[in-house]
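K.L.:
This is the structure I have questions about; it appears just below.
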Amino acid sequence: MGRHELLPRGSRKLRGRRPLALAVVAVLASSLLAGCGGDSGKPTLTWYINPDPNPPEGFEGAFGQAGIAERCSTDEYDIVTELLPTTATEQRIQLLRRLAAEDSSIDLMSLDPVFTAEFAAAGFLAEFPEDVTSTLTEGVLQGAIDGASWEDKLVVAPLWANTQVLWYRKSLADKAGLDMSQPVTWDQVIDAASKNGGTVGVQANKYEGYVVWINALVQGAGGDIVSDTGQGSDAAVDIGSEAGVKAAEIVQKLADSSAAEADLSVSNEGTVLGPFAEGPGGFQVNWTFVYNNYAADKALLKDIGWTRYPETVEGQESRPPIGGINVGVGAFSTHEDMALEAVQCITSQEEQVTYAVETANMPAREGAYD
């Protein structure tokens, strides 16, 4: 809080009213302190969160991450949530701007795994002590730990973790003669949809999702978009490699085919849901929330299957994107010890199970699936 000059220094006129002046100062000071800690006088931890799905009709109480914040508040502190923008790109920009200004209001933040290294390298994340790291990684899936680490150290805590899979309409796959119990390639998927009136849903808008798709295609062909990432601006850009060319060929093939959705150039995780459910449907690469999205339509749900992400090169194992949300502690928080305690509750197995049931976002802890 800033300092306030309440009395003119050396004012002779006010000397006789010193008791009253001191009383005013005391009242104002108590008001300002209450503003810092809430009506209860307890410290308030602010958790910047990404948007959750809408709660189901009839749901009562706090939902998703807001519900976690409510349940993890204690006698020592309260946790309140601040909603970040919808897209991961906009979330990144808002958090970076605040943290670059050393904003102490960011006690906790929900962070897309793709931005973990950037925030850690910039010094925007508080370090986890060894005992906290042990708690945060106990029973956590290795893929989630890898996505939450930088330079072999855990820098954010996995809350939920998932991967993209290939979702398909069983009826269309059967009509196309595809054996979905075996690996399929992007060429096979695009051809099957094109020849049978179906569509292939991808994330091709110019945002984080497009980079995720292209990266999966390139890595699926044995390459990388960028190598020597530790060199920063001097890192080698390898998109022109043979693997990059193969990835570009797949993007071009889909764009030129009848399987491309009408809004391909602005498509995202949400826009692909409708065409997949309409008519013969088709295929989409998307996250695990998809299943819950169609849960109300029992007939449609019976016709939906899922399998491993398509291969870029036939016979070469695909490299599906890994996603989820991790929770970091702000490096400039004035309540770091409390935030470190809070993040252990927020990402506990119990909270991950509750969150998964509510939102269909998959837990990062293996025991949550028992």
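Starting from 1 in every chain, residues are counted up; chains themselves are A, B, ... following the order of the structure tokens, and ligands are numbered from 1 as listed.
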Write out as a PyMOL selection string the residues lying within 7 Å of segment 222-225 of chain A, counting only C-alpha atoms and excluding same-chain residues fewer than 5 positions away.
P.N.:
chain A and resi 215+237-239+243
K.L.:
List the spatial neighbours of segment 197-201 of chain A as JSON, numbers by chain - criterion: any atom at most 9 Å away, only C-alpha atoms, same-chain residues fewer than 6 positions off excluded.
P.N.:
{"A": [172, 189, 190, 254, 258, 259, 260, 261, 264, 267, 268, 269, 271, 272, 273, 275, 276, 279, 280, 281, 282, 283, 284, 285, 286]}
K.L.:
Would you export the selected residues with C-alpha atoms as an mmCIF file, in the first residue's frame, please?
P.N.:
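After the write, out.cif holds the following:
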```
data_model
loop_
_atom_site.group_PDB
_atom_site.id
_atom_site.type_symbol
_atom_site.label_atom_id
_atom_site.label_comp_id
_atom_site.auth_asym_id
_atom_site.auth_seq_id
_atom_site.Cartn_x
_atom_site.Cartn_y
_atom_site.Cartn_z
ATOM 1 C CA LEU A 172 -18.301 -43.171 -40.701
ATOM 2 C CA VAL A 189 -8.298 -39.861 -41.927
ATOM 3 C CA ILE A 190 -8.567 -37.060 -44.505
ATOM 4 C CA LEU A 254 -6.755 -30.998 -45.516
ATOM 5 C CA SER A 258 -13.843 -31.506 -48.984
ATOM 6 C CA ALA A 259 -13.138 -32.693 -45.425
ATOM 7 C CA ALA A 260 -12.028 -29.195 -44.414
ATOM 8 C CA GLU A 261 -14.596 -27.414 -42.277
ATOM 9 C CA LEU A 264 -10.945 -23.971 -41.020
ATOM 10 C CA SER A 267 -11.138 -23.133 -36.121
ATOM 11 C CA ASN A 268 -10.412 -23.948 -32.480
ATOM 12 C CA GLU A 269 -11.271 -26.556 -29.861
ATOM 13 C CA THR A 271 -15.745 -24.660 -33.286
ATOM 14 C CA VAL A 272 -15.022 -28.254 -34.324
ATOM 15 C CA LEU A 273 -17.601 -29.718 -31.957
ATOM 16 C CA PRO A 275 -19.660 -30.298 -37.430
ATOM 17 C CA PHE A 276 -18.480 -33.489 -35.720
ATOM 18 C CA GLY A 279 -24.839 -35.523 -40.330
ATOM 19 C CA PRO A 280 -22.243 -38.218 -40.948
ATOM 20 C CA GLY A 281 -19.850 -36.296 -38.720
ATOM 21 C CA GLY A 282 -16.279 -37.336 -39.130
ATOM 22 C CA PHE A 283 -13.097 -36.927 -37.136
ATOM 23 C CA GLN A 284 -11.535 -34.358 -34.845
ATOM 24 C CA VAL A 285 -8.316 -34.079 -32.876
ATOM 25 C CA ASN A 286 -9.174 -32.580 -29.517
#
```
K.L.:
Would you give me, as a ChimeraX atom specification, the residues in segment 271-321 of chain A that DSSP reads as helix (DSSP H, G or I)?
P.N.:
/A:273-277,289-293,298-302
K.L.:
Give me the residues near segment 107-111 of chain A as a PyMOL selection string, where near means some atom within 7 Å (using only C-alpha atoms) and where sequence neighbours in that chain fewer than 2 positions away do not count.
P.N.:
chain A and resi 45-50+104-105+113+115+325-330+333+335+339
K.L.:
Please produce a file of the residues just selected, as an mmCIF file, in the first residue's frame, where the atoms kept are N, CA and C atoms.
P.N.:
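Printed below is out_26.cif as written:
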```cif
data_model
loop_
_atom_site.group_PDB
_atom_site.id
_atom_site.type_symbol
_atom_site.label_atom_id
_atom_site.label_comp_id
_atom_site.auth_asym_id
_atom_site.auth_seq_id
_atom_site.Cartn_x
_atom_site.Cartn_y
_atom_site.Cartn_z
ATOM 1 N N LEU A 45 -5.448 -14.448 -0.711
ATOM 2 C CA LEU A 45 -4.619 -14.888 -1.825
ATOM 3 C C LEU A 45 -5.440 -14.790 -3.105
ATOM 4 N N THR A 46 -4.877 -14.161 -4.122
ATOM 5 C CA THR A 46 -5.573 -14.034 -5.400
ATOM 6 C C THR A 46 -5.020 -15.056 -6.382
ATOM 7 N N TRP A 47 -5.928 -15.859 -6.928
ATOM 8 C CA TRP A 47 -5.573 -16.924 -7.863
ATOM 9 C C TRP A 47 -6.151 -16.573 -9.232
ATOM 10 N N TYR A 48 -5.280 -16.300 -10.175
ATOM 11 C CA TYR A 48 -5.701 -15.993 -11.546
ATOM 12 C C TYR A 48 -5.948 -17.309 -12.281
ATOM 13 N N ILE A 49 -7.174 -17.513 -12.751
ATOM 14 C CA ILE A 49 -7.567 -18.798 -13.327
ATOM 15 C C ILE A 49 -8.007 -18.653 -14.777
ATOM 16 N N ASN A 50 -7.807 -19.707 -15.545
ATOM 17 C CA ASN A 50 -8.371 -19.792 -16.885
ATOM 18 C C ASN A 50 -9.855 -20.147 -16.768
ATOM 19 N N SER A 104 2.411 -7.730 -7.244
ATOM 20 C CA SER A 104 2.354 -8.592 -6.056
ATOM 21 C C SER A 104 0.976 -9.191 -5.837
ATOM 22 N N SER A 105 -0.020 -8.785 -6.632
ATOM 23 C CA SER A 105 -1.372 -9.316 -6.445
ATOM 24 C C SER A 105 -1.509 -10.725 -7.003
ATOM 25 N N PRO A 113 0.706 -25.477 -19.894
ATOM 26 C CA PRO A 113 2.052 -26.065 -19.893
ATOM 27 C C PRO A 113 2.983 -25.496 -20.960
ATOM 28 N N PHE A 115 3.606 -22.605 -21.677
ATOM 29 C CA PHE A 115 4.273 -21.373 -21.254
ATOM 30 C C PHE A 115 5.159 -21.557 -20.020
ATOM 31 N N ILE A 325 -3.519 -27.952 -17.120
ATOM 32 C CA ILE A 325 -3.275 -26.686 -16.426
ATOM 33 C C ILE A 325 -2.402 -26.959 -15.202
ATOM 34 N N ASN A 326 -1.380 -26.136 -15.033
ATOM 35 C CA ASN A 326 -0.533 -26.175 -13.847
ATOM 36 C C ASN A 326 -0.755 -24.909 -13.031
ATOM 37 N N VAL A 327 -0.441 -24.970 -11.756
ATOM 38 C CA VAL A 327 -0.620 -23.816 -10.874
ATOM 39 C C VAL A 327 0.744 -23.365 -10.369
ATOM 40 N N GLY A 328 1.047 -22.098 -10.621
ATOM 41 C CA GLY A 328 2.306 -21.528 -10.170
ATOM 42 C C GLY A 328 2.097 -20.515 -9.064
ATOM 43 N N VAL A 329 3.134 -20.267 -8.295
ATOM 44 C CA VAL A 329 3.123 -19.238 -7.251
ATOM 45 C C VAL A 329 3.886 -18.027 -7.785
ATOM 46 N N GLY A 330 3.267 -16.868 -7.721
ATOM 47 C CA GLY A 330 3.889 -15.659 -8.237
ATOM 48 C C GLY A 330 5.158 -15.292 -7.490
ATOM 49 N N SER A 333 4.674 -12.328 -4.979
ATOM 50 C CA SER A 333 3.626 -12.404 -3.961
ATOM 51 C C SER A 333 4.183 -12.012 -2.595
ATOM 52 N N HIS A 335 2.651 -13.024 0.002
ATOM 53 C CA HIS A 335 2.152 -14.110 0.856
ATOM 54 C C HIS A 335 2.683 -15.452 0.341
ATOM 55 N N ALA A 339 0.838 -19.084 -0.066
ATOM 56 C CA ALA A 339 0.561 -19.559 -1.423
ATOM 57 C C ALA A 339 1.157 -20.944 -1.647
#
```
K.L.:
May I have the residues within 12 Å of Val266 of chain A as a PyMOL selection string, using only C-alpha atoms and disregarding those fewer than 6 positions away in the same chain?
P.N.:
chain A and resi 201-207+209-210+260+272
K.L.:
List every residue of segment 208-295 of chain A that DSSP, applied to the backbone of this structure, places in strand (DSSP E), and write the result as a list in words.
P.N.:
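Of segment 208-295 of chain A, the ones in strand (DSSP E) are Val226, Ser227, Ala236, Val237, Gly282, Phe283, Gln284, Val285 and Asn286 of chain A.
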K.L.:
Smallest atom-to-atom distance to Ser194 of chain A: which of A:Ala277, A:Ala255, A:Val290, A:Val212, using only C-alpha atoms?
P.N.:
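With only C-alpha atoms as the atom set, the closest residue is A:Ala255.
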K.L.:
Atom CA of Gly270 of chain A and atom CA of Ala192 of chain A are how many Å apart?
P.N.:
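Distance between the two atoms: 22.6 Å.
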K.L.:
Which residue out of A:Ser241, A:Ile106, A:Val165, A:Ala299 has the minimum interatomic distance to Val184 of chain A when only C-alpha atoms are used?
P.N.:
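For Val184 of chain A, the nearest of the candidates is A:Val165.
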K.L.:
How far is it from atom CA of Val80 of chain A to atom CA of Leu95 of chain A, in Å with one decimal?
P.N.:
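That distance, rounded to one decimal, is 16.5 Å.
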K.L.:
Find the spatial neighbours of Ala176 of chain A, counting only C-alpha atoms, within a cut-off of 9 Å - ignore same-chain residues fewer than 5 positions away - and output them as a list in words.
P.N.:
Ser171, Asp191, Ala192, Ala193, Lys195 and Asn196 of chain A
K.L.:
So which residues touch Ala157 of chain A within 8 Å, counting only C-alpha atoms, skipping near sequence neighbours fewer than 2 positions away, as an MDAnalysis selection string?
P.N.:
chainID A and resid 136:137 148 154:155 159 326:328 343 347
K.L.:
What is the atom CA of Ser318 of chain A to atom CA of Lys302 of chain A distance in Å?
P.N.:
26.2 Å
K.L.:
Using only C-alpha atoms, find the one residue out of A:Trp186, A:Tyr369, A:Trp167, A:Phe332 that sits nearest to Trp287 of chain A.
P.N.:
A:Trp167
